[in-house]
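S.K.: File name start-v8.cif; file contents mmCIF, C-alpha atoms and all ligand atoms; full text below.
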data_my_file
loop_
_atom_site.label_atom_id
_atom_site.label_comp_id
_atom_site.auth_asym_id
_atom_site.auth_seq_id
_atom_site.Cartn_x
_atom_site.Cartn_y
_atom_site.Cartn_z
CA MET A 206 31.40 -7.88 -13.51
CA ALA A 207 30.78 -4.43 -15.07
CA THR A 208 31.96 -1.36 -13.20
CA LEU A 209 30.39 2.03 -13.89
CA ARG A 210 32.00 5.30 -12.91
CA SER A 211 29.32 7.95 -12.54
CA ASP A 212 30.71 11.50 -12.53
CA PRO A 213 29.09 14.64 -11.14
CA ALA A 214 26.77 16.44 -13.58
CA ALA A 215 26.28 20.21 -13.45
CA ARG A 216 22.75 20.13 -14.80
CA LEU A 217 20.18 17.74 -16.23
CA ALA A 218 17.48 18.69 -18.72
CA GLY A 219 15.21 17.17 -21.33
CA THR A 220 12.36 14.77 -21.92
CA LEU A 221 12.64 11.02 -21.55
CA ARG A 222 10.28 8.13 -22.12
CA VAL A 223 11.67 5.53 -19.73
CA PRO A 224 11.20 1.79 -20.44
CA SER A 225 7.77 0.25 -20.06
CA ASP A 226 6.22 -1.00 -16.89
CA LYS A 227 7.66 -4.27 -15.61
CA SER A 228 4.65 -5.29 -13.52
CA ILE A 229 2.20 -4.70 -16.38
CA THR A 230 4.41 -6.47 -18.96
CA HIS A 231 4.74 -9.58 -16.75
CA ARG A 232 0.99 -9.67 -16.23
CA ALA A 233 0.13 -9.08 -19.91
CA LEU A 234 2.38 -12.00 -20.95
CA MET A 235 0.95 -14.33 -18.32
CA LEU A 236 -2.72 -13.40 -18.75
CA GLY A 237 -2.25 -13.35 -22.54
CA ALA A 238 -1.12 -16.98 -22.36
CA ILE A 239 -4.35 -18.07 -20.64
CA SER A 240 -6.62 -15.80 -22.64
CA ASP A 241 -9.19 -17.15 -25.13
CA ARG A 242 -7.72 -14.87 -27.80
CA ASP A 243 -4.26 -14.00 -29.09
CA VAL A 244 -3.07 -10.84 -27.34
CA THR A 245 -0.77 -8.23 -28.86
CA ILE A 246 1.33 -6.36 -26.35
CA THR A 247 2.72 -3.11 -27.70
CA THR A 248 5.78 -1.49 -26.11
CA PRO A 249 6.33 -4.26 -23.58
CA LEU A 250 9.36 -3.93 -21.31
CA ASP A 251 12.44 -5.40 -22.96
CA SER A 252 14.55 -6.57 -20.04
CA ALA A 253 16.00 -9.70 -18.48
CA ASP A 254 13.02 -10.11 -16.12
CA THR A 255 10.33 -9.86 -18.79
CA ALA A 256 12.36 -12.03 -21.21
CA ALA A 257 12.23 -14.70 -18.50
CA THR A 258 8.44 -14.45 -18.45
CA ALA A 259 8.22 -14.62 -22.25
CA HIS A 260 10.39 -17.78 -22.18
CA VAL A 261 8.34 -19.38 -19.44
CA VAL A 262 4.96 -18.82 -21.11
CA ALA A 263 6.45 -20.10 -24.39
CA ALA A 264 7.72 -23.18 -22.54
CA CYS A 265 4.11 -23.76 -21.49
CA GLY A 266 2.86 -23.81 -25.06
CA ALA A 267 1.86 -20.16 -25.59
CA ASP A 268 3.84 -18.88 -28.59
CA VAL A 269 5.33 -15.42 -28.18
CA ASP A 270 5.89 -13.85 -31.62
CA GLY A 271 7.70 -10.58 -32.18
CA LEU A 272 10.26 -8.70 -30.17
CA LEU A 273 10.01 -7.30 -26.68
CA SER A 274 11.76 -4.25 -28.10
CA GLY A 275 8.65 -3.48 -30.21
CA ALA A 276 5.52 -5.59 -29.90
CA VAL A 277 4.76 -9.25 -29.21
CA THR A 278 1.71 -11.41 -29.80
CA VAL A 279 1.04 -14.12 -27.25
CA SER A 280 -1.08 -17.00 -28.51
CA GLY A 281 -3.81 -17.37 -25.92
CA ARG A 282 -4.21 -21.03 -24.95
CA GLY A 283 -7.26 -20.56 -22.77
CA LEU A 284 -7.58 -20.72 -19.01
CA ARG A 285 -6.77 -24.44 -18.77
CA GLY A 286 -4.82 -24.87 -21.98
CA LEU A 287 -1.19 -24.52 -20.86
CA ARG A 288 1.08 -27.55 -21.30
CA PRO A 289 4.03 -26.66 -19.05
CA HIS A 290 7.54 -27.87 -19.66
CA PRO A 291 8.55 -29.85 -16.53
CA ALA A 292 11.34 -27.38 -15.60
CA LEU A 293 10.74 -23.62 -15.78
CA ASP A 294 13.50 -21.07 -15.13
CA CYS A 295 12.26 -17.80 -13.59
CA VAL A 296 15.85 -16.43 -13.47
CA ASN A 297 15.68 -13.33 -11.19
CA ALA A 298 11.95 -12.62 -11.49
CA GLY A 299 9.98 -12.97 -8.26
CA THR A 300 6.86 -11.56 -9.92
CA LEU A 301 7.04 -14.34 -12.52
CA MET A 302 7.52 -17.13 -10.00
CA ARG A 303 4.78 -15.95 -7.65
CA LEU A 304 2.09 -14.96 -10.14
CA PHE A 305 2.65 -17.86 -12.51
CA SER A 306 2.33 -20.33 -9.62
CA GLY A 307 -1.24 -19.10 -9.18
CA ILE A 308 -1.89 -20.06 -12.82
CA LEU A 309 0.02 -23.36 -12.78
CA VAL A 310 -1.92 -24.75 -9.82
CA GLY A 311 -5.01 -24.54 -12.03
CA GLN A 312 -3.56 -26.48 -14.98
CA GLU A 313 -4.00 -30.17 -15.64
CA GLY A 314 -0.96 -32.28 -16.04
CA PRO A 315 2.18 -33.62 -14.46
CA GLN A 316 4.71 -32.09 -12.12
CA VAL A 317 6.39 -28.74 -12.86
CA ILE A 318 9.51 -27.40 -11.12
CA LEU A 319 10.03 -23.63 -10.99
CA ASP A 320 13.52 -22.47 -10.18
CA GLY A 321 15.62 -19.31 -10.46
CA ASP A 322 19.03 -17.74 -9.96
CA ALA A 323 20.95 -17.50 -6.67
CA SER A 324 19.05 -14.33 -5.63
CA LEU A 325 15.59 -15.73 -6.41
CA ARG A 326 16.52 -18.94 -4.58
CA GLN A 327 16.74 -16.94 -1.37
CA ARG A 328 13.36 -15.28 -1.67
CA PRO A 329 10.36 -16.39 0.40
CA MET A 330 7.82 -18.49 -1.46
CA ALA A 331 5.91 -19.97 1.49
CA ARG A 332 3.87 -16.77 1.40
CA ILE A 333 2.25 -18.05 -1.82
CA ALA A 334 2.63 -21.81 -1.31
CA ARG A 335 0.79 -21.80 2.02
CA PRO A 336 -2.40 -19.99 0.90
CA LEU A 337 -2.50 -21.90 -2.38
CA ARG A 338 -2.19 -25.20 -0.48
CA GLU A 339 -5.02 -24.11 1.82
CA MET A 340 -7.14 -23.82 -1.34
CA GLY A 341 -6.23 -27.42 -2.23
CA ALA A 342 -3.25 -26.81 -4.54
CA GLN A 343 -0.33 -29.21 -4.66
CA ILE A 344 2.58 -26.78 -4.34
CA PHE A 345 5.75 -27.31 -2.33
CA THR A 346 8.85 -25.26 -1.56
CA ALA A 347 12.37 -26.29 -0.61
CA PRO A 348 13.01 -26.52 3.16
CA GLY A 349 13.03 -22.94 4.45
CA GLY A 350 10.19 -21.93 2.17
CA THR A 351 12.41 -20.93 -0.77
CA PRO A 352 12.59 -22.05 -4.43
CA PRO A 353 12.60 -24.40 -6.20
CA LEU A 354 8.85 -24.83 -6.19
CA VAL A 355 7.20 -28.09 -7.18
CA ILE A 356 3.65 -27.89 -8.48
CA MET A 357 1.39 -30.82 -9.36
CA GLY A 358 -1.47 -29.86 -11.66
CA GLY A 359 -4.96 -31.25 -11.62
CA ALA A 360 -5.80 -30.43 -7.98
CA ARG A 361 -9.35 -29.39 -7.08
CA LEU A 362 -9.23 -25.84 -5.68
CA THR A 363 -11.72 -24.28 -3.29
CA GLY A 364 -12.14 -20.55 -2.76
CA MET A 365 -11.53 -19.04 0.67
CA HIS A 366 -10.73 -15.75 2.40
CA HIS A 367 -7.04 -14.91 2.89
CA GLU A 368 -5.89 -12.17 5.27
CA LEU A 369 -2.38 -11.03 4.38
CA THR A 370 -0.31 -9.79 7.31
CA VAL A 371 1.95 -7.84 4.94
CA ALA A 372 0.69 -5.98 1.85
CA SER A 373 1.99 -7.74 -1.27
CA ALA A 374 0.76 -7.38 -4.82
CA GLN A 375 2.57 -10.56 -5.79
CA VAL A 376 0.89 -12.67 -3.10
CA LYS A 377 -2.50 -11.06 -3.69
CA SER A 378 -2.17 -11.69 -7.43
CA ALA A 379 -1.12 -15.34 -7.05
CA ILE A 380 -4.17 -15.97 -4.88
CA LEU A 381 -6.61 -14.17 -7.19
CA LEU A 382 -5.22 -16.04 -10.21
CA ALA A 383 -5.67 -19.38 -8.42
CA GLY A 384 -9.17 -18.14 -7.54
CA LEU A 385 -10.05 -18.17 -11.25
CA TYR A 386 -9.84 -21.97 -11.07
CA ALA A 387 -11.34 -22.46 -7.60
CA GLU A 388 -14.87 -23.43 -6.66
CA GLY A 389 -16.62 -20.51 -4.93
CA GLU A 390 -15.31 -17.13 -3.81
CA THR A 391 -11.63 -16.36 -3.23
CA TRP A 392 -10.97 -13.16 -1.30
CA VAL A 393 -7.81 -11.30 -0.25
CA THR A 394 -7.58 -8.61 2.43
CA GLU A 395 -4.39 -6.56 2.80
CA PRO A 396 -3.37 -4.29 5.70
CA THR A 397 -2.67 -1.47 3.18
CA PRO A 398 -3.53 -1.57 -0.52
CA SER A 399 -0.75 -2.74 -2.86
CA ARG A 400 -0.61 -2.14 -6.62
CA ASP A 401 -3.75 -3.39 -8.39
CA HIS A 402 -2.51 -4.09 -11.92
CA THR A 403 -3.75 -7.69 -11.79
CA GLU A 404 -7.24 -6.60 -10.76
CA ARG A 405 -7.40 -3.99 -13.52
CA MET A 406 -6.23 -6.47 -16.14
CA LEU A 407 -8.63 -9.20 -14.99
CA GLU A 408 -11.52 -6.74 -15.22
CA ALA A 409 -10.39 -5.68 -18.70
CA ALA A 410 -10.38 -9.39 -19.61
CA GLY A 411 -14.03 -9.71 -18.58
CA VAL A 412 -13.61 -11.23 -15.11
CA PRO A 413 -15.96 -9.54 -12.62
CA LEU A 414 -14.14 -8.69 -9.40
CA LEU A 415 -15.79 -8.80 -5.98
CA ARG A 416 -15.03 -5.87 -3.71
CA ASP A 417 -15.78 -5.11 -0.09
CA PRO A 418 -15.47 -1.32 0.29
CA GLY A 419 -15.52 -1.67 4.08
CA THR A 420 -12.40 -3.79 4.37
CA GLY A 421 -10.87 -3.12 0.96
CA ALA A 422 -10.95 -6.88 0.27
CA VAL A 423 -10.94 -7.97 -3.35
CA GLY A 424 -12.07 -11.29 -4.73
CA VAL A 425 -13.11 -13.46 -7.66
CA ARG A 426 -15.91 -16.00 -7.98
CA GLY A 427 -14.70 -19.17 -9.63
CA PRO A 428 -14.34 -21.20 -11.55
CA VAL A 429 -14.50 -18.67 -14.39
CA GLU A 430 -15.21 -19.96 -17.89
CA GLY A 431 -12.43 -18.06 -19.55
CA LEU A 432 -10.90 -14.68 -20.05
CA SER A 433 -10.57 -12.49 -23.09
CA LEU A 434 -7.74 -10.03 -22.60
CA PRO A 435 -7.85 -7.12 -25.04
CA ASP A 436 -4.55 -6.04 -26.64
CA VAL A 437 -2.34 -4.19 -24.18
CA VAL A 438 -0.28 -1.02 -24.66
CA VAL A 439 2.24 -0.81 -21.84
CA PRO A 440 2.95 2.65 -20.36
CA ALA A 441 6.33 3.72 -18.96
CA ASP A 442 7.32 2.39 -15.55
CA PHE A 443 7.07 4.81 -12.62
CA SER A 444 9.71 2.82 -10.74
CA SER A 445 12.17 3.46 -13.59
CA ALA A 446 11.12 7.10 -13.96
CA ALA A 447 11.74 7.52 -10.22
CA PHE A 448 15.52 7.47 -10.67
CA HIS A 449 15.40 10.43 -13.06
CA LEU A 450 12.80 12.15 -10.87
CA VAL A 451 15.18 12.10 -7.92
CA ALA A 452 18.18 13.08 -10.06
CA GLY A 453 16.03 15.94 -11.42
CA ALA A 454 14.98 17.14 -7.97
CA LEU A 455 18.67 17.70 -7.26
CA ARG A 456 19.99 18.82 -10.69
CA ALA A 457 17.22 19.62 -13.24
CA ASP A 458 17.68 23.01 -14.87
CA PRO A 459 15.25 24.12 -16.12
CA GLU A 460 13.38 20.79 -15.97
CA VAL A 461 13.31 17.06 -16.61
CA VAL A 462 10.12 15.60 -18.08
CA LEU A 463 9.30 11.90 -17.81
CA ALA A 464 6.71 11.15 -20.45
CA GLY A 465 3.85 8.65 -20.58
CA VAL A 466 4.40 7.18 -17.13
CA ASN A 467 1.98 4.81 -15.41
CA LEU A 468 0.48 6.76 -12.49
CA ASN A 469 -1.35 3.94 -10.72
CA PRO A 470 -2.22 5.52 -7.34
CA ALA A 471 -0.78 2.53 -5.47
CA ARG A 472 2.61 3.10 -7.12
CA ILE A 473 3.37 6.83 -6.85
CA GLY A 474 3.82 7.35 -3.12
CA LEU A 475 7.31 8.70 -3.81
CA VAL A 476 5.79 11.85 -5.34
CA ASP A 477 4.05 12.68 -2.04
CA VAL A 478 7.19 12.04 -0.04
CA MET A 479 9.33 14.13 -2.41
CA ARG A 480 6.88 17.02 -2.19
CA ARG A 481 6.88 16.75 1.60
CA MET A 482 10.65 17.07 1.45
CA GLY A 483 10.26 20.26 -0.59
CA ALA A 484 10.85 18.88 -4.11
CA ASP A 485 9.18 20.55 -7.09
CA VAL A 486 7.33 17.73 -8.88
CA SER A 487 4.24 18.20 -10.98
CA VAL A 488 2.00 15.56 -12.48
CA ASP A 489 0.34 16.19 -15.80
CA GLU A 490 -2.27 13.45 -16.15
CA ALA A 491 -3.33 12.41 -19.67
CA LEU A 492 -5.70 9.72 -20.95
CA PRO A 493 -5.52 6.27 -19.34
CA VAL A 494 -3.48 3.55 -21.07
CA ALA A 495 -4.32 -0.14 -20.57
CA GLY A 496 -6.93 0.80 -17.96
CA GLU A 497 -4.24 2.57 -15.93
CA PRO A 498 -3.89 6.30 -15.23
CA CYS A 499 -0.92 7.76 -17.14
CA GLY A 500 0.75 11.09 -17.74
CA ASP A 501 3.93 13.12 -17.59
CA LEU A 502 6.02 13.96 -14.55
CA VAL A 503 7.88 17.26 -14.48
CA VAL A 504 10.63 17.96 -11.97
CA ARG A 505 12.70 21.06 -11.31
CA ARG A 506 15.70 21.44 -9.06
CA VAL A 507 15.25 22.92 -5.62
CA GLU A 508 17.99 24.36 -3.43
CA ALA A 509 16.94 22.87 -0.11
CA LEU A 510 15.18 19.71 1.00
CA ARG A 511 13.74 18.84 4.42
CA ALA A 512 14.00 15.49 6.19
CA THR A 513 10.84 13.45 6.58
CA ASP A 514 9.56 10.26 8.20
CA VAL A 515 8.13 7.64 5.89
CA ALA A 516 5.40 5.87 7.85
CA PRO A 517 4.67 2.12 7.60
CA GLU A 518 1.35 2.71 5.79
CA GLU A 519 3.19 4.65 3.06
CA VAL A 520 5.59 1.77 2.34
CA PRO A 521 3.50 -0.39 -0.08
CA GLY A 522 2.91 2.62 -2.35
CA MET A 523 6.64 3.18 -2.78
CA ILE A 524 8.18 -0.20 -1.95
CA ASP A 525 10.61 -0.18 -4.87
CA GLU A 526 11.47 3.52 -4.51
CA LEU A 527 12.59 3.46 -0.86
CA PRO A 528 16.31 3.27 -1.77
CA LEU A 529 15.86 6.61 -3.53
CA VAL A 530 14.44 8.15 -0.35
CA GLY A 531 17.79 7.30 1.25
CA LEU A 532 19.60 9.25 -1.46
CA LEU A 533 17.30 12.28 -1.24
CA ALA A 534 17.65 12.19 2.54
CA ALA A 535 21.41 12.80 2.25
CA PHE A 536 20.56 16.21 0.79
CA ALA A 537 17.82 17.08 3.28
CA SER A 538 18.31 18.97 6.51
CA GLY A 539 17.61 16.71 9.49
CA VAL A 540 17.17 12.98 9.99
CA THR A 541 14.94 11.02 7.61
CA THR A 542 13.57 7.66 8.74
CA VAL A 543 11.84 4.85 6.89
CA ARG A 544 9.91 2.42 9.16
CA GLY A 545 7.65 -0.55 8.62
CA ALA A 546 9.66 -1.61 5.58
CA ALA A 547 10.96 -5.02 6.69
CA GLU A 548 9.82 -6.34 3.29
CA LEU A 549 12.91 -4.63 1.85
CA ARG A 550 14.95 -7.44 3.39
CA VAL A 551 13.43 -9.97 0.98
CA LYS A 552 13.68 -8.07 -2.31
CA GLU A 553 16.34 -8.78 -4.97
CA SER A 554 18.84 -8.14 -2.18
CA ASP A 555 18.37 -7.36 1.52
CA ARG A 556 17.68 -3.77 0.58
CA ILE A 557 17.99 -2.46 4.12
CA THR A 558 21.54 -3.77 4.44
CA THR A 559 22.58 -3.07 0.84
CA VAL A 560 21.13 0.46 0.68
CA VAL A 561 22.73 1.47 3.96
CA ALA A 562 26.08 -0.06 2.92
CA ALA A 563 25.87 1.74 -0.44
CA LEU A 564 25.03 5.10 1.15
CA ARG A 565 27.88 4.73 3.64
CA GLY A 566 30.26 3.78 0.83
CA MET A 567 29.38 7.12 -0.76
CA GLY A 568 30.02 9.09 2.43
CA VAL A 569 26.44 9.34 3.72
CA ASP A 570 25.58 9.02 7.43
CA ALA A 571 23.07 6.14 7.26
CA GLU A 572 21.94 3.54 9.84
CA GLU A 573 20.12 0.26 9.55
CA LEU A 574 16.94 -0.23 11.57
CA ASP A 575 15.17 -3.60 11.94
CA ASP A 576 12.39 -2.49 9.65
CA GLY A 577 13.94 0.36 7.66
CA PHE A 578 16.77 2.84 7.85
CA SER A 579 17.63 6.37 8.90
CA VAL A 580 19.81 8.98 7.20
CA ARG A 581 21.27 12.15 8.70
CA GLY A 582 21.29 14.68 5.88
CA THR A 583 24.19 17.06 5.37
CA GLY A 584 23.09 18.66 2.10
CA ARG A 585 25.88 16.91 0.21
CA LEU A 586 27.07 13.53 -0.98
CA PRO A 587 30.86 13.16 -1.04
CA GLY A 588 30.99 10.10 -3.36
CA GLY A 589 33.01 6.89 -3.29
CA ALA A 590 32.22 3.30 -4.21
CA MET A 591 29.25 0.98 -3.76
CA ALA A 592 28.23 -2.53 -4.76
CA ALA A 593 25.02 -3.27 -6.66
CA ALA A 594 24.89 -6.65 -4.86
CA GLY A 595 23.16 -8.19 -7.87
CA ASP A 596 20.23 -5.82 -7.38
CA HIS A 597 19.07 -3.69 -10.34
CA ARG A 598 17.69 -0.90 -8.17
CA LEU A 599 20.96 -0.61 -6.25
CA ALA A 600 22.94 -0.37 -9.51
CA MET A 601 20.78 2.54 -10.69
CA LEU A 602 20.84 4.20 -7.26
CA GLY A 603 24.63 4.31 -7.46
CA ALA A 604 24.61 5.80 -10.96
CA VAL A 605 22.23 8.59 -9.89
CA ALA A 606 24.21 9.19 -6.71
CA GLY A 607 27.37 9.71 -8.78
CA LEU A 608 25.71 12.50 -10.78
CA VAL A 609 24.77 14.43 -7.67
CA SER A 610 27.98 13.67 -5.75
CA GLU A 611 31.07 15.79 -5.28
CA ASP A 612 33.70 13.26 -6.42
CA GLY A 613 31.74 10.66 -8.42
CA VAL A 614 30.69 7.13 -7.56
CA VAL A 615 32.04 3.78 -8.73
CA VAL A 616 29.24 1.19 -9.05
CA GLU A 617 30.41 -2.41 -8.95
CA GLY A 618 28.14 -4.88 -10.69
CA PHE A 619 26.34 -2.26 -12.75
CA GLU A 620 25.10 -4.95 -15.17
CA ALA A 621 22.36 -5.77 -12.63
CA CYS A 622 20.32 -2.95 -14.22
CA GLU A 623 19.57 -5.35 -17.14
CA VAL A 624 16.79 -6.80 -14.99
CA SER A 625 14.49 -3.82 -15.46
CA TYR A 626 16.30 -1.01 -17.31
CA PRO A 627 19.07 -2.17 -19.66
CA ARG A 628 19.60 1.27 -21.25
CA PHE A 629 19.77 3.16 -17.99
CA ALA A 630 23.25 4.66 -18.50
CA ARG A 631 22.31 5.85 -22.00
CA ASP A 632 19.12 7.51 -20.75
CA LEU A 633 20.99 9.29 -17.98
CA ALA A 634 23.47 10.54 -20.57
CA THR A 635 20.56 11.85 -22.71
CA LEU A 636 19.59 14.12 -19.83
CA GLY A 637 23.16 15.36 -19.55
CA GLY A 638 24.56 13.09 -16.88
CA GLY A 639 27.42 10.64 -17.30
CA ARG A 640 28.70 8.67 -20.27
CA ALA A 641 26.50 6.60 -22.57
C1 LIG A 701 5.48 -6.29 -7.83
C2 LIG A 701 5.10 -6.05 -6.55
C3 LIG A 701 6.00 -5.55 -5.51
C4 LIG A 701 7.31 -5.02 -6.06
C5 LIG A 701 7.85 -5.85 -7.17
C6 LIG A 701 6.85 -6.03 -8.30
C7 LIG A 701 4.46 -6.79 -8.78
O1 LIG A 701 6.21 -6.59 -4.61
O2 LIG A 701 8.28 -4.90 -5.05
O3 LIG A 701 9.04 -5.24 -7.70
O4 LIG A 701 4.68 -6.72 -10.00
O5 LIG A 701 3.41 -7.24 -8.31
P1 LIG A 701 5.16 -6.90 -3.43
O6 LIG A 701 3.98 -5.97 -3.54
O7 LIG A 701 4.73 -8.32 -3.64
O8 LIG A 701 5.96 -6.64 -2.19
#
Could you take the file, read its structure, and then write that structure out as structure tokens?
M.R.:
Amino acid sequence: MATLRSDPAARLAGTLRVPSDKSITHRALMLGAISDRDVTITTPLDSADTAATAHVVAACGADVDGLLSGAVTVSGRGLRGLRPHPALDCVNAGTLMRLFSGILVGQEGPQVILDGDASLRQRPMARIARPLREMGAQIFTAPGGTPPLVIMGGARLTGMHHELTVASAQVKSAILLAGLYAEGETWVTEPTPSRDHTERMLEAAGVPLLRDPGTGAVGVRGPVEGLSLPDVVVPADFSSAAFHLVAGALRADPEVVLAGVNLNPARIGLVDVMRRMGADVSVDEALPVAGEPCGDLVVRRVEALRATDVAPEEVPGMIDELPLVGLLAAFASGVTTVRGAAELRVKESDRITTVVAALRGMGVDAEELDDGFSVRGTGRLPGGAMAAAGDHRLAMLGAVAGLVSEDGVVVEGFEACEVSYPRFARDLATLGGGRA
């Protein structure tokens, strides 16, 4: 296991283009594989998670030529043209397992087993298996609703309306993808909107989406004949930029610029929360990339932050950034709470337990709540040791915390960052923090 020691940094400055968007790269690889044309994906994310998706689509007969570190071309096999290998390894990637299931239930052919690593094997899959089965799919989980998943192709699917009790882009996407193959209309309603990358990419590929402005429901009318995904240029990932944004709010002098970042409105809730806490963040929007709003984020250090309450309806728009709110909260005056975030318990780790344990390990006064956490800010972070718990976002949280701490932070299991941001330590060093 790799251990990182992250030392305090006096100041951070510079411009960084963080790695490309994970959600968009997964989707481009998967939709490319079922497109009627070969799709070139430029600047995809090169990481363990997206490599798993490239391997899986290749194991289903869609060649992936090129390198994730530059550009890849996926040979589109058409909507019903995949020939899946009987055993597919999703490694740590929940997005891969959930979204690809929506595609596999529409393929002809024999049984496929989707499995993953120890962390993925603990993540809930009944949330996709149940609605897909209601549509007629043959998809089964292990007892307890976890992987491995078994999918039998060739089932006749029928469209229906699904009401999600918890907002989830992965569940919504799996259902909409299955809806491409289903007879009639397939609709999804969410309590609060989650990221809509799948919807944007389907529309770009020529699939008309159904929308109910009253309820916010989104749907597709199937079965569709095919899709023609144009080439995709992947912008930088806001969730990766967020680590530098928070580091910058505490140490940037004069400023840290995060260039070419995806600014999908359902992803950037952290910016609102940071501003509410008194952070100096500006957004410089440029031309859209891949049908997604994009631009630069500029952050400058501020001397004082205020505590805030993150409300349940804000959670989907910043689901992956909530650990960073815990870190900012240590520097804010007052008690910060995050509520309505029980979903954190079923991410790559139980992120309520692991974030609170990490913050405490670094000398922060943090408490677990059933559906979130609270932090009593003191304006400082003493430092100490924390465990990444196999979770990429925890590993990076610890590295950022070290920079803004008094005595440094030791991060155990730092290699977890390979999942989404393999060069994280080098990028932090570019801005003036830590060793490369
Ligand atoms: C993702 C959606 C989010 C997020 C995950 C990636 C996606 O999960 O936490 O890291 O690419 O659709 P849910 O919206 O399903 O909770």
S.K.: 6 Å from ligand LIG 701 (chain A) is the threshold here; counting only C-alpha atoms and all ligand atoms, which polymer residues fall inside it? Answer as a list in words.
M.R.: Ser228, Thr300, Ser373, Ala374, Gln375, Val376, Ser399, Ile524 and Asp525 of chain A
S.K.: Mind giving me the straight-line distance from atom CA of A:Pro224 to atom CA of A:Thr558 in Å, one decimal?
M.R.: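 Calculated distance between atom CA of A:Pro224 and atom CA of A:Thr558 is 27.5 Å.
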S.K.: Please indicate the distance in Å from atom CA of A:Leu407 to atom CA of A:Leu434, rounded to one decimal place.
M.R.: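 Between atom CA of A:Leu407 and atom CA of A:Leu434 the gap is 7.7 Å.
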S.K.: Go ahead and compute the interatomic distance for atom CA of A:Phe448 and atom CA of A:Glu620, in Å to one decimal.
M.R.: 16.3 Å
S.K.: Which neighbours of A:Ala454 fall inside 10 Å, counting only C-alpha atoms, when residues of the same chain fewer than 3 positions from it are skipped, and could you give them as an NGL selection string?
M.R.: :A and (217 or 449-451 or 457-458 or 460-461 or 479-480 or 483-486 or 503-510 or 533)
S.K.: Please provide the set of residues having any atom within 8 Å of A:Gly577, restricted to all atoms listed in the file, with same-chain residues fewer than 4 positions apart removed, written as an mmCIF file with C-alpha atoms, in the frame of the given file.
M.R.:
data_model
loop_
_atom_site.group_PDB
_atom_site.id
_atom_site.type_symbol
_atom_site.label_atom_id
_atom_site.label_comp_id
_atom_site.auth_asym_id
_atom_site.auth_seq_id
_atom_site.Cartn_x
_atom_site.Cartn_y
_atom_site.Cartn_z
ATOM 1 C CA THR A 542 13.570 7.660 8.740
ATOM 2 C CA VAL A 543 11.840 4.850 6.890
ATOM 3 C CA ARG A 544 9.910 2.420 9.160
ATOM 4 C CA GLY A 545 7.650 -0.550 8.620
ATOM 5 C CA ALA A 546 9.660 -1.610 5.580
ATOM 6 C CA ALA A 547 10.960 -5.020 6.690
ATOM 7 C CA LEU A 549 12.910 -4.630 1.850
ATOM 8 C CA ILE A 557 17.990 -2.460 4.120
ATOM 9 C CA GLU A 573 20.120 0.260 9.550
#
